[in-house]
Amino acid sequence: MVNYLIASNIIFFLATIFSGGFTLSNLLRWGAKFGPLIANGEWQRLLICIFLHGNLWHLFFNLYALYYLGRMAEEIYGYRKFFGIYIVSGLSGSILSYLLNYSQIGVGASGAIFGLAGAIFASGLKYRHTSLHQVGMNLLPFILINLLIGAFSPAIDNAAHLGGVLSGMLLGWIVSPGTSWIRWKRTLEEVLYWVTIAFVVFAMLTFFVPNLASGKASIDKIVTFHNEAQKILLKIELGFPPSPLEVEKLSPPDRKAREIKELLLTFLEEGGKNPVLQREIEEKFLSWREEILDKYQGIILEKSP
């Protein structure tokens with residue numbers, strides 16, 4: 001299972017590179033954590049962001065830790081429990097980061113990785129008279145040092161680390177090592193394992209499949225439409241209506257933007273002299289603009305010329 005998770009991270013990394021690189025808009029397109037978008041219904045970002053990374057070094061260090069801690073955790077708990085701890089810890093880290101760093105874009109598997117460390121540490125505390133105790137104690141410096149570094153580095157999402165390690169510790173205390181010998185427990189473990197896989201697949205499908213053709217609307221596409229539409233409306237207001245070809249070139253990023261484009265074409269087809277329709281277009285544009293600014297907050301402003 002560790003190898004599958006490593007491969008998944010690498011696939012997302014390559015997809016990020018070949019689709020535009022590590023720009024804010026491209027990371028958002030691929031599912032980065034960002035509070036305003038999550039609040040607007042894109043809950044899948046809480047999960048998908050743990051498969052994304054911001055650069056090669058970010059990926060390298062996280063995959064190194066995942067390989068080391070993941071193999072250890074999988075050997076201790078078995079692949080089913082290991083996978084559940086990884087996903088739940090990653091989600092918990094994302095949720096705490098969402099609550100504490102609402103406007104900060106976040107990517108990375110470190111919350112889930114901290115969850116693995118927390119789980120092994122907690123199991124070591126629980127099973128003090130076994131070899132697991134020393135293994136768990138050896139991870140305490142790793143946890144404390146990295147949390148301390150994160151506390152003094154604004155570039156590190158320490159909330160995700162903290163959420164991951166706390167949930168991991170809770171799971172490590174609850175979940176027993178190895179495979180349960182009691183039949184109903186084994187059945188429950190298997191059911192929860194497949195439920196977790198189904199949840200991950202569902203999150204991926206509901207985020208990506210409806211947009212396979214064009215992907216999530218990028219910040220660049222939204223800003224371009226906004227600026228071009230604004231120029232067209234200014235020309236109309238000054239009494240110099242643009243050509244229909246200029247309006248046809250607009251590339252709407254969403255349904256409301258398409259409605260604005262269709263109204264502009266209708267306005268020009270009718271001669272460009274209908275003040276009622278002109279006012280309706282302006283109102284729709286302002287309404288769309290307010291929604292976009294509210295949804296993306298300061299990021300749109302950063303991209304505007």
# chains A, B, ... in the order shown; residues from 1 in each chain; ligands from 1

$ residues_around --residues "Ile197 (chain A)" --least-positions-apart "4" --cutoff "9 Å" --atoms "only C-alpha atoms" --output "ChimeraX atom specification"
/A:83-84,192-193,201-202

$ residues_around --residues "Asn146 (chain A)" --least-positions-apart "2" --cutoff "10 Å" --atoms "only C-alpha atoms" --output "list in words"
Phe114, Pro141, Phe142, Ile143, Leu144, Leu148, Ile149, Gly150, Ala151, Ile156, Asn158 and His161 of chain A

$ closest_residue --among "A:Leu52, A:Leu116, A:Ile87, A:Ala257" --to "Leu66 (chain A)" --atoms "only C-alpha atoms"
A:Leu116

$ residues_around --residues "Arg289 (chain A)" --least-positions-apart "5" --cutoff "9 Å" --atoms "only C-alpha atoms" --output "short mmCIF file (atom, residue, chain, number, x, y, z; two decimals) with N, CA and C atoms, in the first residue's frame"
data_model
loop_
_atom_site.label_atom_id
_atom_site.label_comp_id
_atom_site.auth_asym_id
_atom_site.auth_seq_id
_atom_site.Cartn_x
_atom_site.Cartn_y
_atom_site.Cartn_z
N HIS A 226 -12.78 38.42 -17.02
CA HIS A 226 -13.19 39.63 -16.31
C HIS A 226 -12.66 40.88 -17.02
N LYS A 284 -25.55 41.90 -14.19
CA LYS A 284 -25.10 40.50 -14.13
C LYS A 284 -23.59 40.42 -14.00
N ASP A 294 -15.58 37.18 -3.76
CA ASP A 294 -15.89 36.55 -2.48
C ASP A 294 -15.34 35.12 -2.43
#

$ select_by_dssp --residues "region 113-227 of chain A" --states "alpha helix (DSSP H)" --output "MDAnalysis selection string"
chainID A and resid 113:126 131:138 140:151 158:174 183:208 219:227

$ write_last_selection --atoms "C-alpha atoms" --output "mmCIF file, in the first residue's frame"
data_model
loop_
_atom_site.group_PDB
_atom_site.id
_atom_site.type_symbol
_atom_site.label_atom_id
_atom_site.label_comp_id
_atom_site.auth_asym_id
_atom_site.auth_seq_id
_atom_site.Cartn_x
_atom_site.Cartn_y
_atom_site.Cartn_z
ATOM 1 C CA ILE A 113 2.762 11.396 7.538
ATOM 2 C CA PHE A 114 2.638 13.046 10.970
ATOM 3 C CA GLY A 115 -0.434 10.896 11.596
ATOM 4 C CA LEU A 116 1.605 7.761 10.996
ATOM 5 C CA ALA A 117 4.292 8.969 13.415
ATOM 6 C CA GLY A 118 1.635 9.856 15.995
ATOM 7 C CA ALA A 119 -0.029 6.464 15.678
ATOM 8 C CA ILE A 120 3.219 4.535 16.181
ATOM 9 C CA PHE A 121 4.164 6.768 19.120
ATOM 10 C CA ALA A 122 0.777 6.258 20.814
ATOM 11 C CA SER A 123 0.943 2.495 20.289
ATOM 12 C CA GLY A 124 4.388 2.536 21.872
ATOM 13 C CA LEU A 125 2.943 4.259 24.931
ATOM 14 C CA LYS A 126 0.087 1.789 25.128
ATOM 15 C CA SER A 131 9.366 -3.931 21.356
ATOM 16 C CA LEU A 132 6.872 -1.402 19.964
ATOM 17 C CA HIS A 133 7.523 0.841 22.984
ATOM 18 C CA GLN A 134 11.080 1.673 21.937
ATOM 19 C CA VAL A 135 10.047 2.145 18.304
ATOM 20 C CA GLY A 136 7.372 4.634 19.357
ATOM 21 C CA MET A 137 9.690 6.524 21.719
ATOM 22 C CA ASN A 138 12.261 6.906 18.955
ATOM 23 C CA LEU A 140 9.080 11.489 19.703
ATOM 24 C CA PRO A 141 12.086 13.712 18.759
ATOM 25 C CA PHE A 142 10.974 13.630 15.090
ATOM 26 C CA ILE A 143 7.490 14.809 16.065
ATOM 27 C CA LEU A 144 8.592 17.519 18.508
ATOM 28 C CA ILE A 145 11.437 18.923 16.410
ATOM 29 C CA ASN A 146 9.313 19.203 13.268
ATOM 30 C CA LEU A 147 6.414 20.778 15.146
ATOM 31 C CA LEU A 148 8.866 23.272 16.674
ATOM 32 C CA ILE A 149 10.342 24.103 13.253
ATOM 33 C CA GLY A 150 6.818 24.537 11.855
ATOM 34 C CA ALA A 151 5.877 26.886 14.693
ATOM 35 C CA ASN A 158 1.886 23.550 11.166
ATOM 36 C CA ALA A 159 -1.857 23.261 11.706
ATOM 37 C CA ALA A 160 -1.934 20.351 9.238
ATOM 38 C CA HIS A 161 0.979 18.735 11.100
ATOM 39 C CA LEU A 162 -0.721 19.169 14.457
ATOM 40 C CA GLY A 163 -4.082 17.905 13.219
ATOM 41 C CA GLY A 164 -2.393 14.898 11.638
ATOM 42 C CA VAL A 165 -0.317 13.921 14.666
ATOM 43 C CA LEU A 166 -3.209 14.305 17.140
ATOM 44 C CA SER A 167 -5.589 12.207 15.070
ATOM 45 C CA GLY A 168 -2.811 9.673 14.476
ATOM 46 C CA MET A 169 -2.162 9.406 18.208
ATOM 47 C CA LEU A 170 -5.860 8.835 18.858
ATOM 48 C CA LEU A 171 -6.043 6.141 16.201
ATOM 49 C CA GLY A 172 -2.797 4.565 17.408
ATOM 50 C CA TRP A 173 -4.283 4.247 20.888
ATOM 51 C CA ILE A 174 -7.558 2.775 19.601
ATOM 52 C CA ARG A 183 -13.698 -12.878 13.133
ATOM 53 C CA TRP A 184 -16.088 -9.934 13.499
ATOM 54 C CA LYS A 185 -13.179 -7.546 14.032
ATOM 55 C CA ARG A 186 -11.436 -8.818 10.903
ATOM 56 C CA THR A 187 -14.653 -8.339 8.947
ATOM 57 C CA LEU A 188 -15.082 -4.822 10.332
ATOM 58 C CA GLU A 189 -11.497 -3.931 9.416
ATOM 59 C CA GLU A 190 -12.042 -5.124 5.859
ATOM 60 C CA VAL A 191 -15.334 -3.235 5.529
ATOM 61 C CA LEU A 192 -13.755 -0.012 6.827
ATOM 62 C CA TYR A 193 -10.832 -0.496 4.461
ATOM 63 C CA TRP A 194 -13.103 -0.722 1.414
ATOM 64 C CA VAL A 195 -15.248 2.152 2.677
ATOM 65 C CA THR A 196 -12.100 4.291 2.886
ATOM 66 C CA ILE A 197 -11.088 3.337 -0.657
ATOM 67 C CA ALA A 198 -14.622 4.086 -1.891
ATOM 68 C CA PHE A 199 -14.497 7.488 -0.180
ATOM 69 C CA VAL A 200 -11.170 8.372 -1.837
ATOM 70 C CA VAL A 201 -12.445 7.269 -5.267
ATOM 71 C CA PHE A 202 -15.705 9.178 -4.770
ATOM 72 C CA ALA A 203 -13.855 12.364 -3.817
ATOM 73 C CA MET A 204 -11.592 12.101 -6.869
ATOM 74 C CA LEU A 205 -14.437 11.370 -9.288
ATOM 75 C CA THR A 206 -16.737 14.130 -8.030
ATOM 76 C CA PHE A 207 -13.913 16.653 -8.228
ATOM 77 C CA PHE A 208 -12.388 15.764 -11.586
ATOM 78 C CA ILE A 219 -7.534 31.899 -11.970
ATOM 79 C CA ASP A 220 -5.919 33.099 -15.212
ATOM 80 C CA LYS A 221 -9.032 32.193 -17.216
ATOM 81 C CA ILE A 222 -11.321 33.992 -14.764
ATOM 82 C CA VAL A 223 -9.164 37.125 -14.690
ATOM 83 C CA THR A 224 -8.881 37.180 -18.506
ATOM 84 C CA PHE A 225 -12.640 36.942 -18.936
ATOM 85 C CA HIS A 226 -13.188 39.634 -16.313
ATOM 86 C CA ASN A 227 -10.769 42.095 -17.924
#

$ closest_residue --among "A:Ile48, A:Pro241, A:Tyr67, A:Ile10" --to "Glu270 (chain A)" --atoms "only C-alpha atoms"
A:Pro241

$ closest_residue --among "A:Leu99, A:Val247, A:Leu233, A:Leu238" --to "Leu265 (chain A)" --atoms "only C-alpha atoms"
A:Val247

$ atom_distance --atom1 "CA of Pro36 (chain A)" --atom2 "CA of Tyr296 (chain A)"
6.3 Å

$ atom_distance --atom1 "CA of Gly272 (chain A)" --atom2 "CA of Pro253 (chain A)"
24.3 Å
